[in-house]
>>> print(open('query_35.cif').read())   # mmCIF, C-alpha atoms and all ligand atoms
data_work
#
loop_
_atom_site.label_atom_id
_atom_site.label_comp_id
_atom_site.auth_asym_id
_atom_site.auth_seq_id
_atom_site.Cartn_x
_atom_site.Cartn_y
_atom_site.Cartn_z
CA MET A 1303 0.00 0.00 0.00
CA ARG A 1304 1.25 3.50 -0.85
CA GLU A 1305 0.81 6.14 1.79
CA ILE A 1306 1.17 9.90 1.89
CA SER A 1307 0.87 11.78 5.14
CA LEU A 1308 -0.83 15.17 4.98
CA PRO A 1309 -0.58 17.71 7.79
CA LEU A 1310 -3.74 19.21 9.28
CA PRO A 1311 -3.10 22.96 9.04
CA GLY A 1312 -2.68 24.68 12.37
CA ARG A 1313 -2.55 21.42 14.31
CA ASP A 1314 0.19 18.91 15.05
CA ARG A 1315 -1.85 16.10 13.58
CA SER A 1316 -1.95 14.63 10.12
CA TYR A 1317 -4.25 12.50 7.99
CA ARG A 1318 -3.44 9.77 5.53
CA LEU A 1319 -3.85 9.37 1.81
CA LEU A 1320 -3.72 5.67 0.95
CA ILE A 1321 -3.48 4.11 -2.51
CA GLU A 1322 -3.96 0.43 -3.31
CA PRO A 1323 -5.84 -1.52 -5.96
CA GLY A 1324 -8.93 -2.99 -4.29
CA LEU A 1325 -8.77 -0.59 -1.34
CA ARG A 1326 -12.52 0.15 -1.56
CA LEU A 1327 -13.17 -3.36 -0.31
CA ARG A 1328 -11.10 -2.68 2.79
CA LEU A 1329 -12.78 0.60 3.65
CA PRO A 1330 -14.29 -0.73 6.92
CA GLN A 1331 -10.83 -1.58 8.30
CA LEU A 1332 -9.72 1.95 7.51
CA LEU A 1333 -12.77 3.37 9.28
CA VAL A 1334 -12.01 1.36 12.42
CA SER A 1335 -8.67 3.14 12.71
CA LEU A 1336 -10.48 6.49 12.46
CA ASN A 1337 -12.70 5.62 15.39
CA VAL A 1338 -15.91 6.97 13.86
CA PRO A 1339 -19.51 6.01 14.70
CA ARG A 1340 -21.00 2.98 12.92
CA ARG A 1341 -23.67 5.11 11.23
CA VAL A 1342 -22.10 6.49 8.04
CA PHE A 1343 -23.46 8.45 5.08
CA LEU A 1344 -22.18 7.72 1.60
CA ILE A 1345 -22.71 10.59 -0.81
CA THR A 1346 -22.38 9.78 -4.48
CA ASP A 1347 -23.72 10.71 -7.92
CA THR A 1348 -26.16 8.68 -10.00
CA ARG A 1349 -23.53 7.06 -12.22
CA VAL A 1350 -21.03 6.13 -9.49
CA GLY A 1351 -23.93 5.08 -7.31
CA SER A 1352 -25.25 2.70 -9.95
CA LEU A 1353 -21.78 1.23 -10.52
CA TYR A 1354 -20.46 0.96 -6.97
CA GLY A 1355 -23.23 1.99 -4.54
CA ASP A 1356 -24.55 -1.50 -3.75
CA GLN A 1357 -21.05 -2.94 -3.43
CA MET A 1358 -19.90 -0.24 -1.01
CA VAL A 1359 -23.05 -0.52 1.10
CA ALA A 1360 -22.62 -4.31 1.25
CA VAL A 1361 -18.93 -4.06 2.19
CA LEU A 1362 -19.73 -1.66 5.02
CA LYS A 1363 -22.72 -3.67 6.28
CA GLU A 1364 -20.65 -6.85 6.38
CA ALA A 1365 -18.32 -5.10 8.79
CA ASP A 1366 -21.22 -4.00 11.04
CA TYR A 1367 -21.40 -0.45 9.82
CA SER A 1368 -24.77 1.08 9.13
CA PRO A 1369 -24.44 2.95 5.82
CA THR A 1370 -26.99 5.07 3.98
CA LEU A 1371 -26.44 5.97 0.35
CA LEU A 1372 -27.44 9.51 -0.68
CA THR A 1373 -27.42 10.23 -4.40
CA VAL A 1374 -27.05 13.53 -6.25
CA PRO A 1375 -27.28 14.26 -9.99
CA ARG A 1376 -24.18 13.90 -12.16
CA GLY A 1377 -22.02 16.83 -13.09
CA GLU A 1378 -21.67 20.46 -12.00
CA ARG A 1379 -25.38 20.90 -11.41
CA ALA A 1380 -24.94 18.87 -8.22
CA LYS A 1381 -22.53 21.45 -6.82
CA THR A 1382 -25.30 23.88 -5.92
CA TRP A 1383 -26.96 25.29 -2.85
CA PRO A 1384 -30.32 23.53 -3.42
CA VAL A 1385 -28.57 20.16 -3.61
CA ALA A 1386 -26.42 20.89 -0.54
CA GLN A 1387 -29.51 21.97 1.39
CA ARG A 1388 -31.45 18.91 0.31
CA LEU A 1389 -28.60 16.66 1.49
CA ALA A 1390 -28.41 18.49 4.83
CA ARG A 1391 -32.13 17.98 5.40
CA GLU A 1392 -31.87 14.31 4.44
CA LEU A 1393 -29.03 13.89 6.91
CA LEU A 1394 -31.16 15.45 9.63
CA ALA A 1395 -34.14 13.27 8.78
CA LEU A 1396 -31.87 10.23 8.98
CA GLY A 1397 -30.69 11.21 12.43
CA ALA A 1398 -27.19 12.40 11.59
CA ASP A 1399 -25.45 14.25 14.40
CA ARG A 1400 -22.21 16.11 15.07
CA SER A 1401 -20.08 13.00 15.01
CA SER A 1402 -21.60 11.44 11.88
CA LEU A 1403 -19.18 10.60 9.09
CA CYS A 1404 -19.86 11.59 5.47
CA ILE A 1405 -18.07 9.59 2.77
CA ALA A 1406 -17.59 11.28 -0.60
CA LEU A 1407 -17.77 8.46 -3.15
CA GLY A 1408 -17.22 9.99 -6.58
CA GLY A 1409 -15.31 12.46 -8.67
CA GLY A 1410 -14.38 16.04 -7.87
CA VAL A 1411 -18.00 17.16 -7.97
CA VAL A 1412 -19.08 14.79 -5.23
CA GLY A 1413 -15.88 15.49 -3.28
CA ASP A 1414 -16.32 19.27 -3.40
CA LEU A 1415 -20.02 19.08 -2.54
CA THR A 1416 -19.60 16.57 0.29
CA GLY A 1417 -16.65 18.47 1.73
CA PHE A 1418 -18.64 21.70 1.63
CA LEU A 1419 -21.64 20.11 3.31
CA ALA A 1420 -19.47 18.40 5.94
CA SER A 1421 -17.77 21.69 6.73
CA ILE A 1422 -21.01 23.48 7.60
CA PHE A 1423 -23.43 20.74 8.69
CA MET A 1424 -23.85 21.28 12.46
CA ARG A 1425 -20.79 23.54 12.23
CA GLY A 1426 -18.70 20.74 10.81
CA VAL A 1427 -18.69 16.95 10.76
CA PRO A 1428 -15.89 14.59 9.72
CA PHE A 1429 -15.71 13.33 6.16
CA ILE A 1430 -13.48 11.12 4.06
CA GLN A 1431 -12.72 11.14 0.37
CA VAL A 1432 -13.06 8.03 -1.78
CA PRO A 1433 -12.23 9.51 -5.20
CA THR A 1434 -13.37 7.59 -8.27
CA THR A 1435 -12.00 9.74 -11.13
CA LEU A 1436 -8.34 10.23 -11.96
CA LEU A 1437 -8.78 13.98 -11.54
CA ALA A 1438 -10.17 13.56 -8.05
CA MET A 1439 -7.44 11.05 -7.11
CA VAL A 1440 -4.52 13.29 -8.02
CA ASP A 1441 -6.06 16.70 -7.47
CA ALA A 1442 -9.55 17.46 -6.17
CA SER A 1443 -9.53 15.13 -3.14
CA ILE A 1444 -6.26 16.59 -1.83
CA GLY A 1445 -5.88 19.92 -0.08
CA GLY A 1446 -9.19 20.42 1.68
CA LYS A 1447 -10.72 22.95 -0.71
CA THR A 1448 -14.49 22.54 -0.89
CA ALA A 1449 -16.98 24.44 -3.00
CA ILE A 1450 -20.35 24.78 -4.62
CA ASN A 1451 -21.29 26.92 -7.61
CA LEU A 1452 -23.58 29.91 -7.89
CA PRO A 1453 -25.48 30.99 -11.01
CA GLU A 1454 -22.81 33.73 -11.30
CA GLY A 1455 -19.94 31.29 -11.55
CA LYS A 1456 -18.11 28.17 -10.39
CA ASN A 1457 -16.79 27.54 -6.89
CA LEU A 1458 -18.02 30.85 -5.51
CA LEU A 1459 -19.11 29.46 -2.16
CA GLY A 1460 -16.51 27.35 -0.45
CA THR A 1461 -14.55 26.46 2.64
CA PHE A 1462 -11.37 24.73 3.68
CA HIS A 1463 -12.21 21.47 5.39
CA GLN A 1464 -9.67 18.66 5.49
CA PRO A 1465 -10.89 15.08 5.16
CA ARG A 1466 -9.98 12.53 7.84
CA LEU A 1467 -8.72 10.17 5.16
CA VAL A 1468 -8.32 9.91 1.40
CA ALA A 1469 -8.71 6.29 0.22
CA ILE A 1470 -7.69 5.79 -3.41
CA ASP A 1471 -8.54 2.60 -5.27
CA PRO A 1472 -7.14 2.74 -8.84
CA GLN A 1473 -9.58 -0.03 -9.83
CA PHE A 1474 -12.35 2.56 -9.94
CA LEU A 1475 -10.70 3.84 -13.11
CA ARG A 1476 -11.60 0.63 -14.98
CA SER A 1477 -15.09 1.99 -15.55
CA LEU A 1478 -14.07 5.61 -16.12
CA PRO A 1479 -14.85 6.79 -19.68
CA ALA A 1480 -11.89 7.71 -21.92
CA SER A 1481 -12.80 11.40 -21.96
CA GLN A 1482 -12.72 11.51 -18.15
CA ARG A 1483 -9.42 9.64 -18.09
CA ARG A 1484 -7.95 12.30 -20.37
CA ASN A 1485 -9.31 15.02 -18.10
CA GLY A 1486 -7.35 13.58 -15.21
CA LEU A 1487 -4.28 12.90 -17.31
CA ALA A 1488 -4.00 16.61 -18.08
CA GLU A 1489 -3.50 17.29 -14.36
CA VAL A 1490 -1.09 14.37 -13.98
CA ILE A 1491 0.99 15.73 -16.86
CA LYS A 1492 0.86 19.17 -15.25
CA HIS A 1493 2.24 17.74 -12.01
CA GLY A 1494 5.05 16.13 -13.99
CA PHE A 1495 5.89 19.39 -15.75
CA ILE A 1496 6.07 21.44 -12.57
CA GLN A 1497 7.73 18.94 -10.21
CA ASP A 1498 8.61 15.49 -11.49
CA PRO A 1499 10.34 14.86 -14.84
CA ASP A 1500 10.42 11.11 -14.09
CA LEU A 1501 6.63 11.11 -13.90
CA LEU A 1502 6.61 12.58 -17.41
CA SER A 1503 8.69 9.65 -18.69
CA ARG A 1504 6.24 7.23 -17.11
CA LEU A 1505 3.43 8.93 -19.02
CA GLU A 1506 5.08 8.41 -22.38
CA PRO A 1507 3.10 5.20 -23.16
CA GLY A 1508 0.02 7.49 -23.27
CA THR A 1509 -3.32 5.88 -22.49
CA ARG A 1510 -1.69 2.42 -22.33
CA ILE A 1511 -0.83 3.18 -18.70
CA PHE A 1512 -4.43 2.31 -17.81
CA ARG A 1513 -3.77 -1.35 -18.70
CA ASP A 1514 -1.01 -1.79 -16.13
CA GLU A 1515 -2.44 -1.55 -12.63
CA ALA A 1516 0.91 -1.49 -10.82
CA GLU A 1517 2.24 1.27 -13.06
CA LEU A 1518 -1.02 3.19 -12.79
CA THR A 1519 -0.81 2.99 -9.00
CA GLU A 1520 2.74 4.36 -9.12
CA ILE A 1521 1.67 7.20 -11.41
CA ILE A 1522 -1.27 8.13 -9.16
CA HIS A 1523 1.02 8.00 -6.14
CA ARG A 1524 3.60 10.31 -7.69
CA ALA A 1525 1.02 12.78 -8.99
CA ALA A 1526 -0.92 12.83 -5.71
CA ALA A 1527 2.35 13.30 -3.78
CA ILE A 1528 3.09 16.46 -5.75
CA LYS A 1529 -0.27 18.01 -5.03
CA ALA A 1530 0.07 16.93 -1.39
CA LYS A 1531 3.52 18.47 -1.12
CA VAL A 1532 2.46 21.76 -2.63
CA VAL A 1533 -0.68 22.17 -0.54
CA ALA A 1534 1.06 21.05 2.64
CA ALA A 1535 3.60 23.79 2.14
CA ASP A 1536 1.01 26.36 1.31
CA GLU A 1537 -2.62 25.62 2.19
CA ARG A 1538 -4.13 28.91 1.10
CA GLU A 1539 -2.62 29.57 -2.28
CA GLY A 1540 -0.13 32.25 -1.24
CA GLY A 1541 3.01 31.30 -3.12
CA LEU A 1542 3.92 27.73 -3.96
CA ARG A 1543 0.34 26.67 -4.61
CA ARG A 1544 0.31 29.05 -7.56
CA ILE A 1545 2.54 26.71 -9.54
CA LEU A 1546 -0.44 24.36 -9.71
CA ASN A 1547 -1.89 26.91 -12.11
CA PHE A 1548 0.49 25.81 -14.85
CA GLY A 1549 -1.63 25.75 -18.02
CA HIS A 1550 -4.64 27.08 -16.12
CA THR A 1551 -4.45 30.83 -16.76
CA LEU A 1552 -5.10 30.42 -20.45
CA GLY A 1553 -7.04 27.21 -19.80
CA HIS A 1554 -9.71 29.05 -17.83
CA ALA A 1555 -10.00 31.70 -20.54
CA LEU A 1556 -10.49 28.97 -23.15
CA GLU A 1557 -13.17 27.31 -21.02
CA GLN A 1558 -14.99 30.63 -20.70
CA ALA A 1559 -14.66 31.49 -24.38
CA SER A 1560 -16.13 28.08 -25.27
CA HIS A 1561 -19.00 28.65 -22.80
CA PHE A 1562 -17.64 25.66 -20.88
CA ARG A 1563 -18.19 23.28 -23.78
CA LEU A 1564 -14.45 22.60 -23.83
CA PRO A 1565 -13.70 19.99 -21.14
CA HIS A 1566 -11.44 21.24 -18.34
CA GLY A 1567 -8.63 18.78 -19.14
CA GLU A 1568 -8.66 19.82 -22.81
CA ALA A 1569 -8.52 23.49 -21.86
CA VAL A 1570 -5.61 22.86 -19.49
CA ALA A 1571 -3.80 20.84 -22.16
CA TRP A 1572 -4.05 23.77 -24.58
CA GLY A 1573 -3.01 26.12 -21.83
CA MET A 1574 0.05 23.96 -21.16
CA LEU A 1575 0.97 23.92 -24.85
CA ALA A 1576 0.87 27.71 -24.93
CA ALA A 1577 2.84 27.88 -21.67
CA LEU A 1578 5.53 25.61 -23.15
CA ARG A 1579 5.86 27.93 -26.13
CA LEU A 1580 6.02 31.00 -23.89
CA SER A 1581 8.60 29.22 -21.73
CA VAL A 1582 10.91 28.79 -24.72
CA LYS A 1583 10.63 32.51 -25.44
CA ILE A 1584 10.73 33.92 -21.93
CA THR A 1585 12.35 31.49 -19.51
CA ASP A 1586 14.74 29.67 -21.90
CA LEU A 1587 13.10 26.26 -21.82
CA PRO A 1588 15.06 24.28 -24.44
CA PRO A 1589 12.98 23.93 -27.64
CA ALA A 1590 13.61 20.16 -27.63
CA ALA A 1591 12.02 19.91 -24.17
CA ALA A 1592 8.99 21.88 -25.36
CA ALA A 1593 8.67 19.55 -28.36
CA ARG A 1594 8.80 16.51 -26.08
CA GLY A 1595 6.20 18.05 -23.78
CA ARG A 1596 3.97 18.76 -26.75
CA GLN A 1597 4.24 15.19 -27.98
CA LEU A 1598 3.48 13.82 -24.55
CA ILE A 1599 0.28 15.87 -24.30
CA ARG A 1600 -0.84 14.74 -27.77
CA GLN A 1601 0.00 11.09 -27.04
CA THR A 1602 -2.63 11.02 -24.32
CA GLY A 1603 -5.22 12.12 -26.85
CA LEU A 1604 -5.41 15.69 -25.57
CA ALA A 1605 -5.30 18.85 -27.68
CA ARG A 1606 -5.39 17.02 -30.99
CA ARG A 1607 -7.15 19.52 -33.28
CA PRO A 1608 -6.75 23.31 -33.19
CA LEU A 1609 -9.64 25.07 -31.51
CA ASP A 1610 -12.18 27.09 -33.41
CA LEU A 1611 -12.64 29.94 -30.94
CA ASP A 1612 -12.55 33.71 -31.29
CA PRO A 1613 -9.09 34.93 -30.16
CA GLN A 1614 -10.50 38.27 -29.08
CA ILE A 1615 -13.00 36.65 -26.75
CA ILE A 1616 -10.24 34.49 -25.27
CA MET A 1617 -7.96 37.48 -24.71
CA GLU A 1618 -10.83 39.39 -23.12
CA ALA A 1619 -11.47 36.46 -20.81
CA LEU A 1620 -7.86 36.55 -19.62
CA PRO A 1621 -7.92 39.68 -17.43
CA LEU A 1622 -10.98 38.29 -15.69
CA ASP A 1623 -8.93 35.30 -14.58
CA LYS A 1624 -9.37 34.99 -10.82
CA LYS A 1625 -5.71 34.00 -10.48
CA ARG A 1626 -4.80 37.53 -11.60
CA GLN A 1627 -2.83 39.49 -9.02
CA GLU A 1628 -3.31 43.24 -8.63
CA GLY A 1629 -4.34 43.65 -12.23
CA ARG A 1630 -1.33 41.84 -13.62
CA LEU A 1631 -1.45 38.59 -15.49
CA VAL A 1632 0.53 35.87 -13.78
CA PHE A 1633 1.62 32.93 -15.89
CA ILE A 1634 3.41 29.85 -14.63
CA LEU A 1635 6.23 28.99 -17.02
CA LEU A 1636 9.07 26.46 -16.95
CA ARG A 1637 12.81 26.94 -16.98
CA ARG A 1638 13.06 23.21 -17.47
CA PHE A 1639 10.86 20.23 -16.56
CA GLY A 1640 10.42 20.28 -12.80
CA GLU A 1641 11.50 23.91 -12.48
CA PRO A 1642 8.50 26.27 -12.61
CA VAL A 1643 8.79 30.05 -12.67
CA ILE A 1644 6.04 32.42 -11.53
CA GLN A 1645 6.22 34.98 -14.31
CA GLU A 1646 4.45 38.30 -14.00
CA ASP A 1647 3.78 40.98 -16.58
CA ILE A 1648 4.03 38.91 -19.74
CA PRO A 1649 3.35 41.18 -22.74
CA LEU A 1650 -0.15 40.45 -24.03
CA GLY A 1651 1.29 40.35 -27.56
CA LEU A 1652 3.36 37.28 -26.71
CA ILE A 1653 0.34 35.58 -25.18
CA ASN A 1654 -1.67 36.37 -28.28
CA ASP A 1655 1.10 34.89 -30.49
CA ALA A 1656 1.23 31.71 -28.42
CA LEU A 1657 -2.55 31.47 -28.57
CA GLN A 1658 -2.67 31.94 -32.33
CA GLU A 1659 0.20 29.59 -33.15
CA GLU A 1660 -0.31 26.88 -30.57
CA VAL A 1661 -4.04 26.77 -29.87
CA LEU A 1662 -5.85 28.21 -32.83
CA GLY A 1663 -3.53 26.61 -35.38
CA ALA A 1664 -2.52 29.82 -37.18
CA ASN A 1665 0.79 28.19 -38.18
CA GLY A 1666 -1.04 25.24 -39.74
N1 LIG B 1 -11.27 20.88 -4.49
C1 LIG B 1 -10.28 20.99 -5.33
O1 LIG B 1 -9.14 21.28 -4.97
C2 LIG B 1 -10.56 20.74 -6.79
C3 LIG B 1 -9.49 20.62 -7.68
C4 LIG B 1 -9.78 20.35 -9.02
C5 LIG B 1 -11.11 20.20 -9.42
N2 LIG B 1 -12.11 20.33 -8.53
C6 LIG B 1 -13.51 20.18 -8.95
O2 LIG B 1 -13.68 18.84 -9.41
C7 LIG B 1 -14.78 18.82 -10.31
C8 LIG B 1 -14.43 17.95 -11.51
O3 LIG B 1 -14.18 16.65 -11.02
P1 LIG B 1 -14.22 15.38 -12.00
O4 LIG B 1 -13.46 15.69 -13.21
O5 LIG B 1 -13.86 14.21 -11.17
O6 LIG B 1 -15.74 15.36 -12.47
P2 LIG B 1 -17.06 14.61 -11.94
O7 LIG B 1 -17.03 14.45 -10.48
O8 LIG B 1 -18.20 15.34 -12.54
O9 LIG B 1 -16.93 13.18 -12.63
C9 LIG B 1 -16.95 13.10 -14.03
C10 LIG B 1 -17.95 12.06 -14.53
O10 LIG B 1 -17.42 10.76 -14.32
C11 LIG B 1 -18.37 9.93 -13.66
N3 LIG B 1 -17.59 8.98 -12.87
C12 LIG B 1 -16.91 9.23 -11.73
N4 LIG B 1 -16.22 8.16 -11.35
C13 LIG B 1 -16.50 7.19 -12.24
C14 LIG B 1 -16.06 5.85 -12.39
N5 LIG B 1 -15.18 5.30 -11.56
N6 LIG B 1 -16.55 5.14 -13.44
C15 LIG B 1 -17.42 5.71 -14.31
N7 LIG B 1 -17.84 6.97 -14.25
C16 LIG B 1 -17.38 7.70 -13.21
C17 LIG B 1 -19.25 10.87 -12.89
O11 LIG B 1 -20.53 10.32 -12.68
C18 LIG B 1 -19.30 12.09 -13.81
O12 LIG B 1 -20.31 11.92 -14.78
C19 LIG B 1 -15.08 20.26 -10.69
O13 LIG B 1 -16.27 20.67 -10.07
C20 LIG B 1 -13.91 21.04 -10.12
O14 LIG B 1 -14.27 22.33 -9.71
C21 LIG B 1 -11.86 20.59 -7.23
#
>>> encode(input="query_35.cif", output="structure tokens")
Amino acid sequence: MREISLPLPGRDRSYRLLIEPGLRLRLPQLLVSLNVPRRVFLITDTRVGSLYGDQMVAVLKEADYSPTLLTVPRGERAKTWPVAQRLARELLALGADRSSLCIALGGGVVGDLTGFLASIFMRGVPFIQVPTTLLAMVDASIGGKTAINLPEGKNLLGTFHQPRLVAIDPQFLRSLPASQRRNGLAEVIKHGFIQDPDLLSRLEPGTRIFRDEAELTEIIHRAAAIKAKVVAADEREGGLRRILNFGHTLGHALEQASHFRLPHGEAVAWGMLAALRLSVKITDLPPAAAARGRQLIRQTGLARRPLDLDPQIIMEALPLDKKRQEGRLVFILLRRFGEPVIQEDIPLGLINDALQEEVLGANG
């Protein structure tokens, strides 16, 4: 079993992130060590619930736990106040109290929603993360950020609430659709670019990594360790956490310009391609490294065909980026793989060039 220890901010305690194929079947043993009440609440979405809900309920019941499965719709529409309120009222009706444990069984949506609810229900109850998408395993389940959306935008209501445990079972990824695998791979590649060149080499087989469970476990471990390291050093996004925005500044603008039709992983992949190009120009990343990075991204099936989006709308979306600092655009670039640079004040002309040439295919 792989294990990463994560500090609880402001306290001398820590919590564990565990990774092992088949770990979902050993969840009860993990709960025993957390010393939580037998009554537990599994929160999941309709798809994950239909795939794994019965199995998880059975596994917990066999070990004398008393689980209830609560299901929310799939996708972003579950990360809303009405859904959070409905869940809270269901918990009350089911007799949940201050010590009740919520288990987030799902992707980043379920993790963010459950974490948010757990942070405010009766002023805070414990919760654990059982992530079922690659993105949630290497990113969303780590760091304690929780959120729901408002009609005005994504993640506008949120809290920091650390889980008591993150239990990662790579076998969940067997049923994950290819598009969702790619979404997660974009973040794994990002982690490689900013901190771990060896992880990049491991990703070179592209989507074939999903056929080798031991290798997949290693990749998840390495990628999760990077996110864990960065957030442990910097829980509230002051300095180091900003490097996690590699590929995201432009990525967010692309998502907005596409009215969120472009999947997040695709947008980040394009953002990373542009950042590689800018890195060659501004921070002296060797062109051969940028070419290798580009190939790696394409090998995973990401960013294959140039986007058909209006460059002006994308550029206009940039200054609205919430990662902007005091009116200046901050881009994360690379000096080399594993060596990120927080670059401020990049001329908009250079960004526009990178956008045209790399993303919109102006150079054919
Ligand atoms: N809290 C954080 O730090 C953080 C970081 C990154 C992203 N996020 C949030 O994460 C969310 C995106 O997460 P996501 O990409 O996991 O999306 P998601 O939770 O919507 O899951 C994607 C789809 O995959 C399905 N699915 C999940 N696991 C499955 C499995 N094992 N087999 C088959 N289908 C499965 C889901 O039903 C859903 O339809 C966004 O809301 C984003 O804001 C949060």
>>> residues_around(input="query_35.cif", residues="stretch 1382-1384 of chain A", least_positions_apart="6", cutoff="10 Å", atoms="only C-alpha atoms", output="PDB file with C-alpha atoms, in the frame of the given file")
ATOM      1  CA  ALA A1390     -28.410  18.490   4.830  1.00  0.00           C
ATOM      2  CA  LEU A1415     -20.020  19.080  -2.540  1.00  0.00           C
ATOM      3  CA  LEU A1419     -21.640  20.110   3.310  1.00  0.00           C
ATOM      4  CA  ALA A1449     -16.980  24.440  -3.000  1.00  0.00           C
ATOM      5  CA  ILE A1450     -20.350  24.780  -4.620  1.00  0.00           C
ATOM      6  CA  ASN A1451     -21.290  26.920  -7.610  1.00  0.00           C
ATOM      7  CA  LEU A1452     -23.580  29.910  -7.890  1.00  0.00           C
ATOM      8  CA  PRO A1453     -25.480  30.990 -11.010  1.00  0.00           C
ATOM      9  CA  LYS A1456     -18.110  28.170 -10.390  1.00  0.00           C
ATOM     10  CA  ASN A1457     -16.790  27.540  -6.890  1.00  0.00           C
ATOM     11  CA  LEU A1459     -19.110  29.460  -2.160  1.00  0.00           C
TER      12      LEU A1459
END
>>> atom_distance(input="query_35.cif", atom1="atom CA of A:Arg1391", atom2="atom CA of A:Val1411")
19.5 Å
>>> residues_near_ligand(input="query_35.cif", ligand="ligand LIG 1 (chain B)", cutoff="8 Å", atoms="only C-alpha atoms and all ligand atoms", output="MDAnalysis selection string")
chainID A and resid 1347:1350 1353 1376:1378 1381 1408:1414 1433:1438 1441:1450 1456:1457 1473:1479 1482 1485:1486 1566
>>> atom_distance(input="query_35.cif", atom1="atom CA of A:Arg1318", atom2="atom CA of A:Arg1513")
26.7 Å
>>> residues_around(input="query_35.cif", residues="A:Leu1308", least_positions_apart="6", cutoff="9 Å", atoms="all atoms listed in the file", output="list in words")
Arg1315, Ser1316, Tyr1317, Arg1318, Leu1319, Ile1444, Gly1445, Ala1530, Lys1531, Val1533 and Ala1534 of chain A
>>> build_atoms(input="query_35.cif", residues="stretch 1333-1348 of chain A", atoms="N, CA and C atoms", output="short mmCIF file (atom, residue, chain, number, x, y, z; two decimals), in the frame of the given file")
data_model
loop_
_atom_site.label_atom_id
_atom_site.label_comp_id
_atom_site.auth_asym_id
_atom_site.auth_seq_id
_atom_site.Cartn_x
_atom_site.Cartn_y
_atom_site.Cartn_z
N LEU A 1333 -11.88 2.58 8.42
CA LEU A 1333 -12.77 3.37 9.28
C LEU A 1333 -12.53 3.03 10.75
N VAL A 1334 -12.26 1.76 11.03
CA VAL A 1334 -12.01 1.36 12.42
C VAL A 1334 -10.87 2.20 13.00
N SER A 1335 -9.82 2.39 12.19
CA SER A 1335 -8.67 3.14 12.71
C SER A 1335 -9.00 4.62 12.91
N LEU A 1336 -10.09 5.08 12.27
CA LEU A 1336 -10.48 6.49 12.46
C LEU A 1336 -11.38 6.69 13.67
N ASN A 1337 -11.87 5.55 14.20
CA ASN A 1337 -12.70 5.62 15.39
C ASN A 1337 -13.94 6.49 15.19
N VAL A 1338 -14.70 6.20 14.14
CA VAL A 1338 -15.91 6.97 13.86
C VAL A 1338 -17.14 6.12 14.19
N PRO A 1339 -18.31 6.78 14.40
CA PRO A 1339 -19.51 6.01 14.70
C PRO A 1339 -19.87 5.05 13.56
N ARG A 1340 -20.65 4.03 13.90
CA ARG A 1340 -21.00 2.98 12.92
C ARG A 1340 -21.97 3.49 11.85
N ARG A 1341 -22.70 4.56 12.19
CA ARG A 1341 -23.67 5.11 11.23
C ARG A 1341 -22.90 6.02 10.28
N VAL A 1342 -22.86 5.66 8.98
CA VAL A 1342 -22.10 6.49 8.04
C VAL A 1342 -22.98 6.84 6.83
N PHE A 1343 -22.65 7.95 6.20
CA PHE A 1343 -23.46 8.45 5.08
C PHE A 1343 -22.58 8.55 3.84
N LEU A 1344 -22.93 7.71 2.87
CA LEU A 1344 -22.18 7.72 1.60
C LEU A 1344 -22.87 8.68 0.65
N ILE A 1345 -22.12 9.65 0.16
CA ILE A 1345 -22.71 10.59 -0.81
C ILE A 1345 -22.07 10.33 -2.16
N THR A 1346 -22.91 10.15 -3.17
CA THR A 1346 -22.38 9.78 -4.48
C THR A 1346 -23.26 10.38 -5.58
N ASP A 1347 -22.83 10.25 -6.85
CA ASP A 1347 -23.72 10.71 -7.92
C ASP A 1347 -24.39 9.51 -8.57
N THR A 1348 -25.32 9.78 -9.49
CA THR A 1348 -26.16 8.68 -10.00
C THR A 1348 -25.31 7.62 -10.72
#
